[in-house]
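Since the structure comes first, as structure tokens, the remarks are kept for the end.
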Amino acid sequence: MQILEYVPTYDQLNDTYGNPESEPGILDTLWADTVLIRIRLPFTMRLSWRPDYHTDYLQIHKKVADVLVDAFEEIKGYRGETYLYNRGYNFTGGSFNFRVMRNGKKLSTHSWGIAVDINPHIAPYNKKDEDGEWVNNQPDFIVKAMISRGLYSFEFDGMHFQAVRSFSKYAIFDHTLNGEDNGNRK
């Protein structure tokens with residue numbers, strides 16, 4: 001199993017993955033050409049914003065590429081591509097996207113190509129049910145495949161998996177990888 005060797009905090013992103021900005025708010029295209037790669041997915045995913053469109057690739061930072069491919073292999077291996085398709089577990093909400101966070105001013109972790117959104121239709125961002133609980137119906141086998149490799153997710157954003165540590169009380173991560181902070185694995 002591929003596991004991230006180091007998971008930085010947000011403040012350590014540029015030191016770990018490079019700075020995606022040439023100047024504030026402007027993508028550094030040299031950085032993008034140097035560190036972003038297309039990974040071939042082990043199964044076809046549907047685009048959440050255009051379900052009739054499919055992709056076999058995601059654009060991602062090269063430092064997290066092997067880990068993500070390995071996680072997607074495990075997801076496919078659970079019960080196969082037909083199972084994922086029939087249950088609607090093969091949607092992507094995207095990966096690299098140079099933008100600021102929702103309701104924020106800081107860059108989204110998608111801006112570094114170190115985050116991927118999976119199945120936003122069943123694990124939407126910041127949506128609660130009638131009992132006030134976060135709506136997060138992401139299947140456990142998908143969550144396990146991602147967080148067992150060092151990625152983080154959130155109760156309020158179950159579609160989102162990122163190679164960045166979070167100290168939010170809503171963070172979902174594998175505490176066994178390296179204690180409570182899930183940081184340096186060396």
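Chain labels A, B, ... are given in the sequence in which chains occur in the structure tokens; within each chain residues are numbered consecutively from 1, and ligands are likewise numbered from 1 in the order shown.
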Give one line per residue of stretch 39-106 of chain A that approaches stretch 138-162 of chain A to at most 9 Å, naming the two atoms of the closest pair and their distance in Å to one decimal, counting only C-alpha atoms; sort by chain then ascending residue number and deliver it as JSON lines.
{"residue": "A:Val67", "atom": "CA", "partner": "A:Arg149", "partner_atom": "CA", "distance": 6.7}
{"residue": "A:Leu68", "atom": "CA", "partner": "A:Met146", "partner_atom": "CA", "distance": 7.6}
{"residue": "A:Asp70", "atom": "CA", "partner": "A:Ala145", "partner_atom": "CA", "distance": 8.5}
{"residue": "A:Ala71", "atom": "CA", "partner": "A:Ala145", "partner_atom": "CA", "distance": 5.1}
{"residue": "A:Phe72", "atom": "CA", "partner": "A:Ala145", "partner_atom": "CA", "distance": 7.5}
{"residue": "A:Glu73", "atom": "CA", "partner": "A:Ala145", "partner_atom": "CA", "distance": 8.9}
{"residue": "A:Glu74", "atom": "CA", "partner": "A:Ala145", "partner_atom": "CA", "distance": 6.2}
{"residue": "A:Ile75", "atom": "CA", "partner": "A:Ile142", "partner_atom": "CA", "distance": 5.9}
{"residue": "A:Tyr78", "atom": "CA", "partner": "A:Phe141", "partner_atom": "CA", "distance": 7.3}
{"residue": "A:Tyr89", "atom": "CA", "partner": "A:Pro139", "partner_atom": "CA", "distance": 8.1}
{"residue": "A:Thr92", "atom": "CA", "partner": "A:Met159", "partner_atom": "CA", "distance": 8.7}
{"residue": "A:Gly93", "atom": "CA", "partner": "A:Met159", "partner_atom": "CA", "distance": 7.9}
Export of prior selection with N, CA and C atoms as an mmCIF file, in the first residue's frame:
data_model
loop_
_atom_site.group_PDB
_atom_site.id
_atom_site.type_symbol
_atom_site.label_atom_id
_atom_site.label_comp_id
_atom_site.auth_asym_id
_atom_site.auth_seq_id
_atom_site.Cartn_x
_atom_site.Cartn_y
_atom_site.Cartn_z
ATOM 1 N N VAL A 67 -0.082 7.559 -4.575
ATOM 2 C CA VAL A 67 -0.996 7.276 -3.464
ATOM 3 C C VAL A 67 -2.443 7.273 -3.956
ATOM 4 N N LEU A 68 -2.804 8.253 -4.769
ATOM 5 C CA LEU A 68 -4.178 8.314 -5.265
ATOM 6 C C LEU A 68 -4.497 7.161 -6.215
ATOM 7 N N ASP A 70 -3.186 4.232 -6.167
ATOM 8 C CA ASP A 70 -3.299 3.061 -5.300
ATOM 9 C C ASP A 70 -4.651 3.032 -4.583
ATOM 10 N N ALA A 71 -5.089 4.171 -4.091
ATOM 11 C CA ALA A 71 -6.393 4.247 -3.414
ATOM 12 C C ALA A 71 -7.527 3.929 -4.388
ATOM 13 N N PHE A 72 -7.462 4.474 -5.601
ATOM 14 C CA PHE A 72 -8.499 4.183 -6.595
ATOM 15 C C PHE A 72 -8.477 2.708 -7.008
ATOM 16 N N GLU A 73 -7.301 2.087 -7.026
ATOM 17 C CA GLU A 73 -7.212 0.643 -7.303
ATOM 18 C C GLU A 73 -7.955 -0.139 -6.217
ATOM 19 N N GLU A 74 -7.751 0.267 -4.958
ATOM 20 C CA GLU A 74 -8.450 -0.405 -3.852
ATOM 21 C C GLU A 74 -9.962 -0.209 -3.967
ATOM 22 N N ILE A 75 -10.379 0.992 -4.324
ATOM 23 C CA ILE A 75 -11.817 1.262 -4.486
ATOM 24 C C ILE A 75 -12.402 0.361 -5.578
ATOM 25 N N TYR A 78 -12.835 -3.321 -4.552
ATOM 26 C CA TYR A 78 -13.843 -3.666 -3.554
ATOM 27 C C TYR A 78 -14.896 -4.608 -4.131
ATOM 28 N N TYR A 89 -21.206 5.286 -7.409
ATOM 29 C CA TYR A 89 -20.010 5.560 -6.606
ATOM 30 C C TYR A 89 -18.810 5.925 -7.477
ATOM 31 N N THR A 92 -16.704 12.015 -9.977
ATOM 32 C CA THR A 92 -15.676 12.928 -9.491
ATOM 33 C C THR A 92 -16.215 14.350 -9.550
ATOM 34 N N GLY A 93 -15.891 15.110 -8.515
ATOM 35 C CA GLY A 93 -16.207 16.525 -8.490
ATOM 36 C C GLY A 93 -14.994 17.348 -8.886
#
When DSSP works through the backbone of this structure, what residues of chain A end up as strand (DSSP E or B), shown as a ChimeraX atom specification? /A:21-23,26-27,36-47,50-61,91-94,100,107,115-118,125,128,134,152-154,157-162,171-172
I'd like a table as JSON lines: residues in stretch 10-68 of chain A with an atom no more than 12 Å from stretch 115-124 of chain A, each row giving the shortest atom pair and its distance in Å to one decimal, only C-alpha atoms counted, sorted by chain and rising residue number.
{"residue": "A:Met45", "atom": "CA", "partner": "A:Ile118", "partner_atom": "CA", "distance": 9.3}
{"residue": "A:Arg46", "atom": "CA", "partner": "A:Asn119", "partner_atom": "CA", "distance": 9.3}
{"residue": "A:Leu47", "atom": "CA", "partner": "A:Asn119", "partner_atom": "CA", "distance": 9.4}
{"residue": "A:Ser48", "atom": "CA", "partner": "A:Pro120", "partner_atom": "CA", "distance": 7.0}
{"residue": "A:Trp49", "atom": "CA", "partner": "A:Pro120", "partner_atom": "CA", "distance": 9.6}
{"residue": "A:Pro51", "atom": "CA", "partner": "A:His121", "partner_atom": "CA", "distance": 10.8}
{"residue": "A:Tyr57", "atom": "CA", "partner": "A:Val116", "partner_atom": "CA", "distance": 11.9}
{"residue": "A:Leu58", "atom": "CA", "partner": "A:Val116", "partner_atom": "CA", "distance": 8.7}
{"residue": "A:Gln59", "atom": "CA", "partner": "A:Val116", "partner_atom": "CA", "distance": 9.5}
{"residue": "A:Ile60", "atom": "CA", "partner": "A:Ala115", "partner_atom": "CA", "distance": 7.8}
{"residue": "A:His61", "atom": "CA", "partner": "A:Ala115", "partner_atom": "CA", "distance": 9.0}
{"residue": "A:Lys63", "atom": "CA", "partner": "A:Ala115", "partner_atom": "CA", "distance": 11.7}
{"residue": "A:Val64", "atom": "CA", "partner": "A:Ala115", "partner_atom": "CA", "distance": 9.1}
{"residue": "A:Ala65", "atom": "CA", "partner": "A:Ala115", "partner_atom": "CA", "distance": 10.6}
{"residue": "A:Val67", "atom": "CA", "partner": "A:Ala115", "partner_atom": "CA", "distance": 11.7}
{"residue": "A:Leu68", "atom": "CA", "partner": "A:Val116", "partner_atom": "CA", "distance": 8.9}
Leaving out stretch 13-26 of chain A and any residue of its chain fewer than 6 positions from it, which residues lie within 7 Å of it when counting only C-alpha atoms, given as a list in words? Ala32, Ser111 and Trp112 of chain A
Selection file, all heavy atoms, as a tab-separated table (two decimals), in the first residue's frame:
chain	number	residue	atom	x	y	z
A	32	ALA	N	2.80	24.76	-12.66
A	32	ALA	CA	1.80	23.77	-13.09
A	32	ALA	C	2.40	22.79	-14.09
A	32	ALA	O	2.20	21.57	-13.97
A	32	ALA	CB	0.58	24.47	-13.69
A	111	SER	N	-5.98	23.86	-5.48
A	111	SER	CA	-5.06	24.71	-6.23
A	111	SER	C	-3.66	24.13	-6.32
A	111	SER	O	-2.88	24.51	-7.20
A	111	SER	CB	-4.98	26.10	-5.60
A	111	SER	OG	-6.24	26.73	-5.66
A	112	TRP	N	-3.31	23.23	-5.41
A	112	TRP	CA	-2.01	22.55	-5.44
A	112	TRP	C	-2.11	21.20	-6.15
A	112	TRP	O	-1.12	20.51	-6.29
A	112	TRP	CB	-1.47	22.35	-4.03
A	112	TRP	CG	-0.88	23.56	-3.41
A	112	TRP	CD1	0.45	23.92	-3.43
A	112	TRP	CD2	-1.55	24.56	-2.65
A	112	TRP	NE1	0.62	25.11	-2.74
A	112	TRP	CE2	-0.60	25.52	-2.25
A	112	TRP	CE3	-2.89	24.75	-2.27
A	112	TRP	CZ2	-0.92	26.63	-1.49
A	112	TRP	CZ3	-3.21	25.86	-1.52
A	112	TRP	CH2	-2.23	26.79	-1.13
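From atom CA of A:Asp56 back to atom CA of A:Lys76, the distance works out to 12.9 Å.
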The residue from A:Phe43, A:Tyr53, A:Tyr125, A:Phe96 with the smallest atom-to-atom distance to A:Gly77, counting only C-alpha atoms, is A:Phe43
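Residue nearest A:Phe98, chosen from A:Tyr85, A:Arg79, A:Leu36, A:Asp131 and counting only C-alpha atoms: A:Leu36.
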